[in-house]
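Q: What follows is the file run_28.cif, containing mmCIF, C-alpha atoms:
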data_data
#
loop_
_atom_site.group_PDB
_atom_site.id
_atom_site.type_symbol
_atom_site.label_atom_id
_atom_site.label_comp_id
_atom_site.auth_asym_id
_atom_site.auth_seq_id
_atom_site.Cartn_x
_atom_site.Cartn_y
_atom_site.Cartn_z
ATOM 1 C CA MET A 1 0.000 0.000 0.000
ATOM 2 C CA ASP A 2 2.862 2.354 0.843
ATOM 3 C CA LYS A 3 4.389 1.633 -2.543
ATOM 4 C CA VAL A 4 1.190 2.643 -4.303
ATOM 5 C CA ASN A 5 0.819 5.833 -2.253
ATOM 6 C CA SER A 6 4.383 6.870 -3.017
ATOM 7 C CA SER A 7 3.702 6.693 -6.759
ATOM 8 C CA VAL A 8 0.582 8.853 -6.812
ATOM 9 C CA VAL A 9 0.645 11.056 -9.905
ATOM 10 C CA SER A 10 1.441 14.696 -9.085
ATOM 11 C CA GLU A 11 1.702 15.910 -12.662
ATOM 12 C CA PHE A 12 0.772 14.877 -16.193
ATOM 13 C CA VAL A 13 2.868 14.977 -19.353
ATOM 14 C CA LEU A 14 1.131 16.504 -22.377
ATOM 15 C CA LEU A 15 2.348 15.182 -25.743
ATOM 16 C CA GLY A 16 0.856 18.163 -27.593
ATOM 17 C CA LEU A 17 -0.036 18.247 -31.278
ATOM 18 C CA SER A 18 3.290 17.115 -32.728
ATOM 19 C CA SER A 19 6.808 16.106 -31.710
ATOM 20 C CA SER A 20 8.384 17.674 -34.811
ATOM 21 C CA GLN A 21 10.510 20.715 -33.986
ATOM 22 C CA GLU A 22 9.748 22.396 -37.324
ATOM 23 C CA LEU A 23 6.007 21.904 -36.900
ATOM 24 C CA GLN A 24 6.107 23.151 -33.318
ATOM 25 C CA LEU A 25 7.660 26.432 -34.421
ATOM 26 C CA PHE A 26 5.005 26.798 -37.115
ATOM 27 C CA PHE A 27 2.247 25.938 -34.612
ATOM 28 C CA PHE A 28 3.668 28.495 -32.165
ATOM 29 C CA VAL A 29 3.334 31.325 -34.704
ATOM 30 C CA PHE A 30 0.030 30.097 -36.151
ATOM 31 C CA PHE A 31 -1.810 29.613 -32.861
ATOM 32 C CA SER A 32 -0.318 32.771 -31.333
ATOM 33 C CA VAL A 33 -1.820 34.806 -34.170
ATOM 34 C CA LEU A 34 -5.132 32.946 -33.888
ATOM 35 C CA TYR A 35 -5.315 33.540 -30.138
ATOM 36 C CA VAL A 36 -4.630 37.271 -30.488
ATOM 37 C CA VAL A 37 -7.327 37.529 -33.186
ATOM 38 C CA ILE A 38 -9.800 35.611 -30.992
ATOM 39 C CA VAL A 39 -9.248 37.857 -27.976
ATOM 40 C CA LEU A 40 -9.216 41.152 -29.887
ATOM 41 C CA GLY A 41 -12.155 40.229 -32.126
ATOM 42 C CA ASN A 42 -14.380 39.129 -29.280
ATOM 43 C CA LEU A 43 -13.322 42.079 -27.097
ATOM 44 C CA LEU A 44 -14.320 44.409 -29.934
ATOM 45 C CA ILE A 45 -17.779 42.841 -30.008
ATOM 46 C CA ILE A 46 -18.161 43.182 -26.232
ATOM 47 C CA LEU A 47 -17.128 46.858 -26.445
ATOM 48 C CA MET A 48 -19.579 47.518 -29.271
ATOM 49 C CA VAL A 49 -22.449 45.912 -27.383
ATOM 50 C CA THR A 50 -21.527 47.917 -24.278
ATOM 51 C CA LEU A 51 -20.850 51.329 -25.846
ATOM 52 C CA ASP A 52 -23.337 51.585 -28.709
ATOM 53 C CA ASN A 53 -26.895 52.370 -27.604
ATOM 54 C CA SER A 54 -28.395 50.797 -30.719
ATOM 55 C CA SER A 55 -26.727 47.470 -29.820
ATOM 56 C CA HIS A 56 -28.654 46.981 -26.576
ATOM 57 C CA SER A 57 -31.231 44.667 -28.136
ATOM 58 C CA PRO A 58 -31.681 41.094 -26.821
ATOM 59 C CA MET A 59 -29.776 39.565 -29.749
ATOM 60 C CA TYR A 60 -26.720 41.759 -29.206
ATOM 61 C CA PHE A 61 -26.817 41.127 -25.462
ATOM 62 C CA LEU A 62 -26.617 37.382 -26.164
ATOM 63 C CA LEU A 63 -23.846 37.912 -28.723
ATOM 64 C CA GLY A 64 -21.841 39.920 -26.194
ATOM 65 C CA ASN A 65 -22.106 37.087 -23.682
ATOM 66 C CA LEU A 66 -21.185 34.560 -26.379
ATOM 67 C CA SER A 67 -18.048 36.581 -27.130
ATOM 68 C CA PHE A 68 -17.113 36.567 -23.441
ATOM 69 C CA VAL A 69 -17.525 32.778 -23.301
ATOM 70 C CA ASP A 70 -15.472 32.468 -26.508
ATOM 71 C CA ILE A 71 -12.575 34.358 -24.886
ATOM 72 C CA CYS A 72 -12.797 32.153 -21.813
ATOM 73 C CA GLN A 73 -13.012 28.968 -23.867
ATOM 74 C CA ALA A 74 -9.999 29.916 -25.954
ATOM 75 C CA SER A 75 -8.002 30.901 -22.858
ATOM 76 C CA PHE A 76 -8.366 27.840 -20.631
ATOM 77 C CA ALA A 77 -5.671 25.863 -22.505
ATOM 78 C CA THR A 78 -4.452 27.784 -25.561
ATOM 79 C CA PRO A 79 -1.872 30.032 -23.807
ATOM 80 C CA LYS A 80 -0.246 26.988 -22.171
ATOM 81 C CA MET A 81 -0.322 25.093 -25.465
ATOM 82 C CA ILE A 82 1.471 28.017 -27.166
ATOM 83 C CA VAL A 83 4.141 28.141 -24.444
ATOM 84 C CA ASP A 84 4.579 24.355 -24.614
ATOM 85 C CA PHE A 85 5.493 24.587 -28.297
ATOM 86 C CA LEU A 86 8.782 26.178 -27.141
ATOM 87 C CA SER A 87 9.285 23.810 -24.202
ATOM 88 C CA GLU A 88 10.881 20.374 -24.148
ATOM 89 C CA HIS A 89 9.056 19.264 -21.000
ATOM 90 C CA LYS A 90 5.316 19.711 -21.482
ATOM 91 C CA THR A 91 3.939 19.020 -18.028
ATOM 92 C CA ILE A 92 0.950 20.193 -16.013
ATOM 93 C CA SER A 93 0.280 19.716 -12.309
ATOM 94 C CA PHE A 94 -2.542 17.472 -11.123
ATOM 95 C CA SER A 95 -4.508 20.478 -9.836
ATOM 96 C CA GLY A 96 -3.865 22.335 -13.098
ATOM 97 C CA CYS A 97 -5.180 19.345 -15.032
ATOM 98 C CA ILE A 98 -8.349 19.218 -12.934
ATOM 99 C CA ALA A 99 -8.778 22.973 -13.450
ATOM 100 C CA GLN A 100 -8.584 22.536 -17.234
ATOM 101 C CA ILE A 101 -11.237 19.794 -17.114
ATOM 102 C CA PHE A 102 -13.433 22.038 -14.958
ATOM 103 C CA PHE A 103 -13.203 25.070 -17.249
ATOM 104 C CA ILE A 104 -13.537 23.266 -20.589
ATOM 105 C CA HIS A 105 -16.815 21.650 -19.514
ATOM 106 C CA LEU A 106 -18.058 24.849 -17.859
ATOM 107 C CA PHE A 107 -17.490 26.998 -20.947
ATOM 108 C CA THR A 108 -18.466 24.355 -23.517
ATOM 109 C CA ALA A 109 -21.769 23.540 -21.817
ATOM 110 C CA GLY A 110 -22.478 27.236 -21.293
ATOM 111 C CA GLN A 111 -21.821 27.940 -24.960
ATOM 112 C CA MET A 112 -24.190 25.144 -26.012
ATOM 113 C CA VAL A 113 -27.026 26.751 -24.048
ATOM 114 C CA LEU A 114 -26.129 30.221 -25.364
ATOM 115 C CA LEU A 115 -26.270 28.950 -28.947
ATOM 116 C CA VAL A 116 -29.736 27.548 -28.214
ATOM 117 C CA SER A 117 -30.735 30.950 -26.786
ATOM 118 C CA ILE A 118 -29.531 32.719 -29.954
ATOM 119 C CA ALA A 119 -31.396 30.200 -32.126
ATOM 120 C CA TYR A 120 -34.515 30.823 -30.019
ATOM 121 C CA ASP A 121 -34.067 34.558 -30.553
ATOM 122 C CA ARG A 122 -33.984 34.031 -34.333
ATOM 123 C CA TYR A 123 -37.022 31.738 -34.096
ATOM 124 C CA VAL A 124 -39.052 34.384 -32.256
ATOM 125 C CA ALA A 125 -37.893 37.138 -34.642
ATOM 126 C CA ILE A 126 -38.891 35.111 -37.710
ATOM 127 C CA CYS A 127 -41.966 33.217 -36.514
ATOM 128 C CA LYS A 128 -43.443 35.646 -33.960
ATOM 129 C CA PRO A 129 -42.193 39.109 -34.974
ATOM 130 C CA LEU A 130 -45.151 40.971 -33.439
ATOM 131 C CA HIS A 131 -44.496 39.409 -30.038
ATOM 132 C CA TYR A 132 -40.696 39.713 -30.169
ATOM 133 C CA VAL A 133 -40.412 42.709 -27.821
ATOM 134 C CA ILE A 134 -42.685 41.045 -25.254
ATOM 135 C CA ILE A 135 -41.116 37.593 -25.409
ATOM 136 C CA LYS A 136 -37.455 38.669 -25.632
ATOM 137 C CA SER A 137 -37.343 41.244 -22.867
ATOM 138 C CA GLN A 138 -34.113 42.200 -21.119
ATOM 139 C CA ARG A 139 -35.175 40.122 -18.132
ATOM 140 C CA THR A 140 -35.662 37.047 -20.336
ATOM 141 C CA CYS A 141 -32.189 37.464 -21.821
ATOM 142 C CA ILE A 142 -30.595 37.776 -18.379
ATOM 143 C CA VAL A 143 -32.404 34.613 -17.269
ATOM 144 C CA LEU A 144 -31.182 32.759 -20.379
ATOM 145 C CA VAL A 145 -27.582 33.799 -19.702
ATOM 146 C CA MET A 146 -27.872 32.760 -16.045
ATOM 147 C CA ILE A 147 -29.292 29.394 -17.139
ATOM 148 C CA SER A 148 -26.336 28.878 -19.481
ATOM 149 C CA TRP A 149 -23.854 29.410 -16.629
ATOM 150 C CA ALA A 150 -25.918 27.258 -14.267
ATOM 151 C CA VAL A 151 -26.089 24.397 -16.770
ATOM 152 C CA GLY A 152 -22.348 24.697 -17.376
ATOM 153 C CA LEU A 153 -21.594 24.613 -13.647
ATOM 154 C CA VAL A 154 -23.837 21.614 -12.962
ATOM 155 C CA HIS A 155 -22.402 19.772 -15.957
ATOM 156 C CA THR A 156 -18.751 20.337 -15.076
ATOM 157 C CA LEU A 157 -19.245 19.526 -11.377
ATOM 158 C CA SER A 158 -20.975 16.279 -12.273
ATOM 159 C CA GLN A 159 -18.131 15.387 -14.637
ATOM 160 C CA LEU A 160 -15.554 16.122 -11.941
ATOM 161 C CA SER A 161 -17.497 14.059 -9.384
ATOM 162 C CA PHE A 162 -16.940 11.029 -11.621
ATOM 163 C CA THR A 163 -13.191 11.567 -11.895
ATOM 164 C CA MET A 164 -11.896 13.303 -8.752
ATOM 165 C CA ASN A 165 -11.759 10.067 -6.732
ATOM 166 C CA LEU A 166 -10.154 7.982 -9.465
ATOM 167 C CA PRO A 167 -6.729 6.693 -8.359
ATOM 168 C CA PHE A 168 -3.902 7.952 -10.600
ATOM 169 C CA CYS A 169 -0.914 5.911 -9.474
ATOM 170 C CA GLY A 170 0.940 4.972 -12.631
ATOM 171 C CA PRO A 171 0.741 6.265 -16.225
ATOM 172 C CA ASN A 172 0.690 10.046 -16.517
ATOM 173 C CA VAL A 173 1.110 10.709 -20.264
ATOM 174 C CA VAL A 174 -1.835 12.473 -21.936
ATOM 175 C CA ASP A 175 -1.768 12.317 -25.737
ATOM 176 C CA SER A 176 -3.270 15.768 -26.251
ATOM 177 C CA PHE A 177 -2.458 19.459 -25.866
ATOM 178 C CA PHE A 178 -4.662 19.784 -22.765
ATOM 179 C CA CYS A 179 -6.196 17.543 -20.112
ATOM 180 C CA ASP A 180 -8.961 15.994 -22.164
ATOM 181 C CA LEU A 181 -11.296 14.109 -19.827
ATOM 182 C CA PRO A 182 -11.579 10.864 -21.862
ATOM 183 C CA ARG A 183 -7.797 10.555 -22.098
ATOM 184 C CA VAL A 184 -7.200 11.441 -18.433
ATOM 185 C CA ALA A 185 -9.829 8.965 -17.185
ATOM 186 C CA LYS A 186 -8.069 6.224 -19.187
ATOM 187 C CA LEU A 187 -4.995 6.688 -16.973
ATOM 188 C CA ALA A 188 -6.832 5.721 -13.759
ATOM 189 C CA TYR A 189 -5.345 2.804 -11.810
ATOM 190 C CA LEU A 190 -8.509 0.679 -12.005
ATOM 191 C CA ASP A 191 -11.219 -0.483 -14.373
ATOM 192 C CA SER A 192 -12.981 2.832 -15.075
ATOM 193 C CA TYR A 193 -15.629 1.390 -17.393
ATOM 194 C CA ILE A 194 -18.584 2.484 -15.223
ATOM 195 C CA THR A 195 -17.077 5.965 -14.802
ATOM 196 C CA GLU A 196 -16.538 6.204 -18.552
ATOM 197 C CA ILE A 197 -20.164 5.282 -19.201
ATOM 198 C CA LEU A 198 -21.367 7.948 -16.736
ATOM 199 C CA ILE A 199 -19.182 10.582 -18.396
ATOM 200 C CA VAL A 200 -20.455 9.628 -21.858
ATOM 201 C CA VAL A 201 -24.106 9.660 -20.721
ATOM 202 C CA ASN A 202 -23.671 13.053 -19.033
ATOM 203 C CA SER A 203 -22.032 14.666 -22.064
ATOM 204 C CA GLY A 204 -24.286 12.820 -24.500
ATOM 205 C CA ILE A 205 -27.523 14.017 -22.953
ATOM 206 C CA LEU A 206 -26.363 17.647 -22.946
ATOM 207 C CA SER A 207 -24.839 17.600 -26.445
ATOM 208 C CA LEU A 208 -27.641 15.731 -28.188
ATOM 209 C CA SER A 209 -30.455 17.617 -26.452
ATOM 210 C CA THR A 210 -29.051 21.075 -27.239
ATOM 211 C CA PHE A 211 -28.126 20.010 -30.773
ATOM 212 C CA SER A 212 -31.678 18.696 -31.328
ATOM 213 C CA LEU A 213 -33.166 21.970 -30.070
ATOM 214 C CA LEU A 214 -30.923 23.969 -32.384
ATOM 215 C CA VAL A 215 -31.750 21.895 -35.457
ATOM 216 C CA SER A 216 -35.479 21.971 -34.643
ATOM 217 C CA SER A 217 -35.527 25.762 -34.269
ATOM 218 C CA TYR A 218 -33.676 26.255 -37.564
ATOM 219 C CA ILE A 219 -36.009 23.865 -39.414
ATOM 220 C CA ILE A 220 -39.096 25.652 -38.062
ATOM 221 C CA SER A 221 -37.636 29.058 -38.937
ATOM 222 C CA LEU A 222 -36.821 27.962 -42.491
ATOM 223 C CA ALA A 223 -40.266 26.413 -42.897
ATOM 224 C CA THR A 224 -41.849 29.699 -41.789
ATOM 225 C CA VAL A 225 -39.968 31.912 -44.260
ATOM 226 C CA TRP A 226 -40.586 29.365 -47.036
ATOM 227 C CA PHE A 227 -44.086 30.794 -47.441
ATOM 228 C CA LYS A 228 -42.838 34.379 -47.552
ATOM 229 C CA SER A 229 -41.202 36.220 -50.446
ATOM 230 C CA SER A 230 -38.231 34.687 -52.198
ATOM 231 C CA ALA A 231 -36.067 37.600 -51.042
ATOM 232 C CA ALA A 232 -36.944 36.925 -47.407
ATOM 233 C CA MET A 233 -36.278 33.229 -47.940
ATOM 234 C CA ALA A 234 -32.865 33.889 -49.485
ATOM 235 C CA LYS A 235 -31.844 36.246 -46.684
ATOM 236 C CA ALA A 236 -33.049 33.899 -43.923
ATOM 237 C CA PHE A 237 -31.433 30.883 -45.563
ATOM 238 C CA SER A 238 -28.103 32.720 -45.870
ATOM 239 C CA THR A 239 -28.169 33.703 -42.202
ATOM 240 C CA LEU A 240 -29.327 30.322 -40.880
ATOM 241 C CA ALA A 241 -26.919 28.396 -43.126
ATOM 242 C CA ALA A 242 -24.018 30.306 -41.586
ATOM 243 C CA HIS A 243 -25.341 29.592 -38.088
ATOM 244 C CA ILE A 244 -25.767 25.899 -38.896
ATOM 245 C CA THR A 245 -22.154 25.777 -40.129
ATOM 246 C CA VAL A 246 -20.884 26.956 -36.730
ATOM 247 C CA VAL A 247 -23.213 24.529 -34.930
ATOM 248 C CA ILE A 248 -21.889 21.570 -36.927
ATOM 249 C CA LEU A 249 -18.239 22.589 -36.435
ATOM 250 C CA PHE A 250 -18.826 23.009 -32.700
ATOM 251 C CA PHE A 251 -21.123 20.087 -31.921
ATOM 252 C CA GLY A 252 -19.612 17.600 -34.400
ATOM 253 C CA PRO A 253 -16.269 17.186 -32.576
ATOM 254 C CA CYS A 254 -17.956 17.253 -29.153
ATOM 255 C CA ILE A 255 -20.375 14.493 -30.132
ATOM 256 C CA PHE A 256 -17.624 12.423 -31.740
ATOM 257 C CA ILE A 257 -15.305 12.664 -28.717
ATOM 258 C CA TYR A 258 -17.804 12.475 -25.851
ATOM 259 C CA VAL A 259 -20.857 10.632 -27.160
ATOM 260 C CA TRP A 260 -19.431 7.680 -29.049
ATOM 261 C CA PRO A 261 -18.292 4.616 -27.055
ATOM 262 C CA PHE A 262 -15.389 5.565 -24.848
ATOM 263 C CA THR A 263 -12.545 5.008 -27.312
ATOM 264 C CA THR A 264 -9.847 7.555 -28.071
ATOM 265 C CA TYR A 265 -8.555 8.148 -31.584
ATOM 266 C CA PRO A 266 -5.541 10.131 -32.873
ATOM 267 C CA VAL A 267 -7.942 12.449 -34.698
ATOM 268 C CA ASP A 268 -9.463 13.507 -31.349
ATOM 269 C CA LYS A 269 -6.674 16.061 -30.891
ATOM 270 C CA VAL A 270 -7.496 17.697 -34.211
ATOM 271 C CA LEU A 271 -11.221 17.700 -33.445
ATOM 272 C CA ALA A 272 -10.566 19.266 -30.034
ATOM 273 C CA ILE A 273 -8.970 22.248 -31.808
ATOM 274 C CA PHE A 274 -12.283 22.972 -33.527
ATOM 275 C CA TYR A 275 -14.306 23.602 -30.349
ATOM 276 C CA THR A 276 -11.472 25.142 -28.321
ATOM 277 C CA ILE A 277 -9.876 27.463 -30.900
ATOM 278 C CA PHE A 278 -11.627 27.557 -34.289
ATOM 279 C CA THR A 279 -15.179 28.001 -32.955
ATOM 280 C CA PRO A 280 -14.254 31.061 -30.824
ATOM 281 C CA ILE A 281 -12.855 32.716 -33.950
ATOM 282 C CA LEU A 282 -15.782 31.681 -36.172
ATOM 283 C CA ASN A 283 -18.502 32.923 -33.817
ATOM 284 C CA PRO A 284 -17.613 36.633 -34.220
ATOM 285 C CA ILE A 285 -17.458 36.213 -38.005
ATOM 286 C CA ILE A 286 -20.680 34.227 -38.437
ATOM 287 C CA TYR A 287 -22.906 35.702 -35.736
ATOM 288 C CA THR A 288 -21.635 39.270 -35.709
ATOM 289 C CA LEU A 289 -19.817 40.425 -38.839
ATOM 290 C CA ARG A 290 -22.594 39.006 -41.037
ATOM 291 C CA ASN A 291 -25.129 40.931 -38.960
ATOM 292 C CA ARG A 292 -26.094 44.234 -40.613
ATOM 293 C CA GLY A 293 -26.926 45.968 -37.330
ATOM 294 C CA MET A 294 -23.631 44.963 -35.751
ATOM 295 C CA LYS A 295 -21.665 46.129 -38.790
ATOM 296 C CA THR A 296 -23.485 49.470 -38.637
ATOM 297 C CA ALA A 297 -22.668 49.827 -34.946
ATOM 298 C CA MET A 298 -19.019 48.956 -35.618
ATOM 299 C CA ARG A 299 -18.853 51.576 -38.371
ATOM 300 C CA LYS A 300 -20.374 54.244 -36.093
ATOM 301 C CA ILE A 301 -17.923 53.547 -33.282
ATOM 302 C CA MET A 302 -14.933 53.525 -35.639
ATOM 303 C CA MET A 303 -16.030 56.807 -37.226
ATOM 304 C CA TYR A 304 -16.518 58.397 -33.812
ATOM 305 C CA TYR A 305 -13.117 57.391 -32.426
ATOM 306 C CA LEU A 306 -11.025 57.575 -35.612
ATOM 307 C CA ARG A 307 -12.325 60.684 -37.363
ATOM 308 C CA PRO A 308 -10.512 64.010 -36.663
ATOM 309 C CA LYS A 309 -11.940 65.813 -33.667
ATOM 310 C CA LYS A 310 -13.306 69.328 -33.895
ATOM 311 C CA ILE A 311 -11.894 71.878 -31.500
ATOM 312 C CA SER A 312 -15.229 72.024 -29.656
ATOM 313 C CA GLU A 313 -15.013 68.269 -29.061
ATOM 314 C CA MET A 314 -11.456 68.374 -27.687
ATOM 315 C CA PRO A 315 -10.697 68.318 -23.964
ATOM 316 C CA LEU A 316 -10.468 71.794 -22.366
ATOM 317 C CA VAL A 317 -6.713 71.560 -21.611
ATOM 318 C CA LEU A 318 -5.923 70.722 -25.230
ATOM 319 C CA ARG A 319 -8.144 73.527 -26.557
ATOM 320 C CA ASN A 320 -6.362 76.079 -24.313
ATOM 321 C CA SER A 321 -2.967 74.955 -25.610
ATOM 322 C CA LEU A 322 -4.156 75.617 -29.167
#
Show the structure stored in the file as structure tokens.

A:
Amino acid sequence: MDKVNSSVVSEFVLLGLSSSQELQLFFFVFFSVLYVVIVLGNLLIILMVTLDNSSHSPMYFLLGNLSFVDICQASFATPKMIVDFLSEHKTISFSGCIAQIFFIHLFTAGQMVLLVSIAYDRYVAICKPLHYVIIKSQRTCIVLVMISWAVGLVHTLSQLSFTMNLPFCGPNVVDSFFCDLPRVAKLAYLDSYITEILIVVNSGILSLSTFSLLVSSYIISLATVWFKSSAAMAKAFSTLAAHITVVILFFGPCIFIYVWPFTTYPVDKVLAIFYTIFTPILNPIIYTLRNRGMKTAMRKIMMYYLRPKKISEMPLVLRNSL
């Protein structure tokens, strides 16, 4: 027993995306640029929603919260992954590994619910336009955001409850760039089949239920505009097609990794990049930059802060110096 206790795992070794030195240098530059774009792009959206009065509608409020979650989701593991590209020893402490598992499930589950909330917003706007202001009040949007965080917290705590008490006394090599729950659970010093089933059921119920709600809302919305003018149909189809693209890129990898029987594949690392890095950069493009109102708000803010100031608009100290 003493021998087992003395070999309890205190840290995990992350193999990362590749062992090639040339590729690691390329990945360092590539993902550094991506991460900066993710943070700056989503921060810009949050600032626009906060500063521009015309962007205080329910849809923009949800988009602002989605951008905040995107920053969080991209930040739980990406900075460490970027640093590890320049490090020979890619290790993470046991507590750091548990923290990564906690945050990835918190933010991923929260984003799933937020995407459902945005799809519901589009459904109400298309199918019940006369009741939109009543149904999508500011209070309703706040409740939806609170529900997304609550669902994320319950989901991640339940996932951790399945794994916290697993004994890690031997292998400590994780073939990924972060502590992916399926791969970490495989390292437990016992038959974790029941735990694996519980993890799959937990993630499967959340992923499939939210994905079904999203698909259903989009189908109903498309069916509604089908009977309207062809111009309205084309516009709605263009918008919803872009949304569906993000949904597939986000939910596809999650369902493949967490819903299928508990088997890990080499491609899992590539799929994990989609919902941890690529989705946070696609969300601002698909949900925001394709939105006419958001582009108008962005143009107004840029014109206000970048155009030359009149003397009457300058601070008093600067005017006196002139």

Q: Point out the residue among A:Ala150, A:Phe227, A:Val200, A:Val116 with the least atom-to-atom distance to His243 in chain A, counting only C-alpha atoms.

A: A:Val116

Q: At a cut-off of 9 Å, using all atoms listed in the file, what residues contact range 179-186 of chain A? Leave out same-chain residues fewer than 5 positions from it and give the result as a PyMOL selection string.

A: chain A and resi 12+14+77+92+96-101+104+159+163+166+168+172-174+191-192+195-196+199-200+257-258+262-264+272

Q: Give the centre and edge lengths of an axis-aligned box, in Å to one decimal, that holds all listed atoms of range 118-123 of chain A with 3 Å on each side, as lines of an AutoDock Vina configuration file.

A:
center_x = -33.3
center_y = 32.4
center_z = -32.1
size_x = 13.5
size_y = 10.4
size_z = 10.4

Q: Let me know the residues the PyMOL selection byres ((chain A and resi 40-45) around 7) catches in the file above, as a PyMOL selection string.

A: chain A and resi 36-39+46-49+64+67-68+71+284

Q: Using only C-alpha atoms, which protein or nucleic acid residues come within 12 Å of Ser117 in chain A? Drop anything in the same chain fewer than 5 positions from it, and give the result as a list in words.

A: Pro58, Met59, Tyr60, Phe61, Leu62, Leu63, Asn65, Leu66, Gly110, Gln111, Met112, Arg122, Tyr123, Val124, Lys136, Thr140, Cys141, Ile142, Val143, Leu144, Val145, Met146, Ile147, Ser148, Thr210, Phe211, Leu213, Leu214 and Ser217 of chain A

Q: So the first atom is CA of Met164 in chain A and the second is CA of His89 in chain A; what is the distance between them in Å, to one decimal place?

A: 25.0 Å

Q: Go through A:Ser216, A:Ser10, A:Ser203, A:Thr279 one by one, measure the shortest atom-to-atom distance of each to Ala119 in chain A using only C-alpha atoms, and give the residue with the smallest value.

A: A:Ser216

Q: From the list A:Ser176, A:Val13, A:Asn283, A:Arg139, which residue is nearest Val270 in chain A when using only C-alpha atoms?

A: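 Comparing A:Ser176, A:Val13, A:Asn283, A:Arg139 against Val270 in chain A, the winner is A:Ser176.
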
Q: Under the PyMOL selection byres ((chain A and resi 28-33) around 12), which residues of this model are included? Write them out as a PyMOL selection string.

A: chain A and resi 16-18+21-27+34-41+74-75+77-87+273+276-278+281

Q: Give me, please, the distance in Å between CA of Tyr132 in chain A and CA of Leu222 in chain A, quoted to one decimal.

A: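 Result for CA of Tyr132 in chain A versus CA of Leu222 in chain A: 17.5 Å, one decimal.
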
Q: By how many Å are CA of Thr91 in chain A and CA of Ser20 in chain A apart?

A: 17.4 Å

Q: Could you please give me, as a PyMOL selection string, the residues of protein, DNA or RNA lying at most 6 Å from (-14.2, 27.0, -15.1) in the coordinate frame of the file, considering only C-alpha atoms?

A: chain A and resi 102-103+106

Q: Using only C-alpha atoms, which residue out of A:Cys72, A:Val113, A:His155, A:Asp121 lies closest to Val247 in chain A?

A: A:Val113

Q: For the structure just given, write the atoms of range 191-233 of chain A, namely C-alpha atoms, as a PDB file, in the first residue's frame.

A:
ATOM      1  CA  ASP A 191     -11.219  -0.483 -14.373  1.00  0.00           C
ATOM      2  CA  SER A 192     -12.981   2.832 -15.075  1.00  0.00           C
ATOM      3  CA  TYR A 193     -15.629   1.390 -17.393  1.00  0.00           C
ATOM      4  CA  ILE A 194     -18.584   2.484 -15.223  1.00  0.00           C
ATOM      5  CA  THR A 195     -17.077   5.965 -14.802  1.00  0.00           C
ATOM      6  CA  GLU A 196     -16.538   6.204 -18.552  1.00  0.00           C
ATOM      7  CA  ILE A 197     -20.164   5.282 -19.201  1.00  0.00           C
ATOM      8  CA  LEU A 198     -21.367   7.948 -16.736  1.00  0.00           C
ATOM      9  CA  ILE A 199     -19.182  10.582 -18.396  1.00  0.00           C
ATOM     10  CA  VAL A 200     -20.455   9.628 -21.858  1.00  0.00           C
ATOM     11  CA  VAL A 201     -24.106   9.660 -20.721  1.00  0.00           C
ATOM     12  CA  ASN A 202     -23.671  13.053 -19.033  1.00  0.00           C
ATOM     13  CA  SER A 203     -22.032  14.666 -22.064  1.00  0.00           C
ATOM     14  CA  GLY A 204     -24.286  12.820 -24.500  1.00  0.00           C
ATOM     15  CA  ILE A 205     -27.523  14.017 -22.953  1.00  0.00           C
ATOM     16  CA  LEU A 206     -26.363  17.647 -22.946  1.00  0.00           C
ATOM     17  CA  SER A 207     -24.839  17.600 -26.445  1.00  0.00           C
ATOM     18  CA  LEU A 208     -27.641  15.731 -28.188  1.00  0.00           C
ATOM     19  CA  SER A 209     -30.455  17.617 -26.452  1.00  0.00           C
ATOM     20  CA  THR A 210     -29.051  21.075 -27.239  1.00  0.00           C
ATOM     21  CA  PHE A 211     -28.126  20.010 -30.773  1.00  0.00           C
ATOM     22  CA  SER A 212     -31.678  18.696 -31.328  1.00  0.00           C
ATOM     23  CA  LEU A 213     -33.166  21.970 -30.070  1.00  0.00           C
ATOM     24  CA  LEU A 214     -30.923  23.969 -32.384  1.00  0.00           C
ATOM     25  CA  VAL A 215     -31.750  21.895 -35.457  1.00  0.00           C
ATOM     26  CA  SER A 216     -35.479  21.971 -34.643  1.00  0.00           C
ATOM     27  CA  SER A 217     -35.527  25.762 -34.269  1.00  0.00           C
ATOM     28  CA  TYR A 218     -33.676  26.255 -37.564  1.00  0.00           C
ATOM     29  CA  ILE A 219     -36.009  23.865 -39.414  1.00  0.00           C
ATOM     30  CA  ILE A 220     -39.096  25.652 -38.062  1.00  0.00           C
ATOM     31  CA  SER A 221     -37.636  29.058 -38.937  1.00  0.00           C
ATOM     32  CA  LEU A 222     -36.821  27.962 -42.491  1.00  0.00           C
ATOM     33  CA  ALA A 223     -40.266  26.413 -42.897  1.00  0.00           C
ATOM     34  CA  THR A 224     -41.849  29.699 -41.789  1.00  0.00           C
ATOM     35  CA  VAL A 225     -39.968  31.912 -44.260  1.00  0.00           C
ATOM     36  CA  TRP A 226     -40.586  29.365 -47.036  1.00  0.00           C
ATOM     37  CA  PHE A 227     -44.086  30.794 -47.441  1.00  0.00           C
ATOM     38  CA  LYS A 228     -42.838  34.379 -47.552  1.00  0.00           C
ATOM     39  CA  SER A 229     -41.202  36.220 -50.446  1.00  0.00           C
ATOM     40  CA  SER A 230     -38.231  34.687 -52.198  1.00  0.00           C
ATOM     41  CA  ALA A 231     -36.067  37.600 -51.042  1.00  0.00           C
ATOM     42  CA  ALA A 232     -36.944  36.925 -47.407  1.00  0.00           C
ATOM     43  CA  MET A 233     -36.278  33.229 -47.940  1.00  0.00           C
TER      44      MET A 233
END
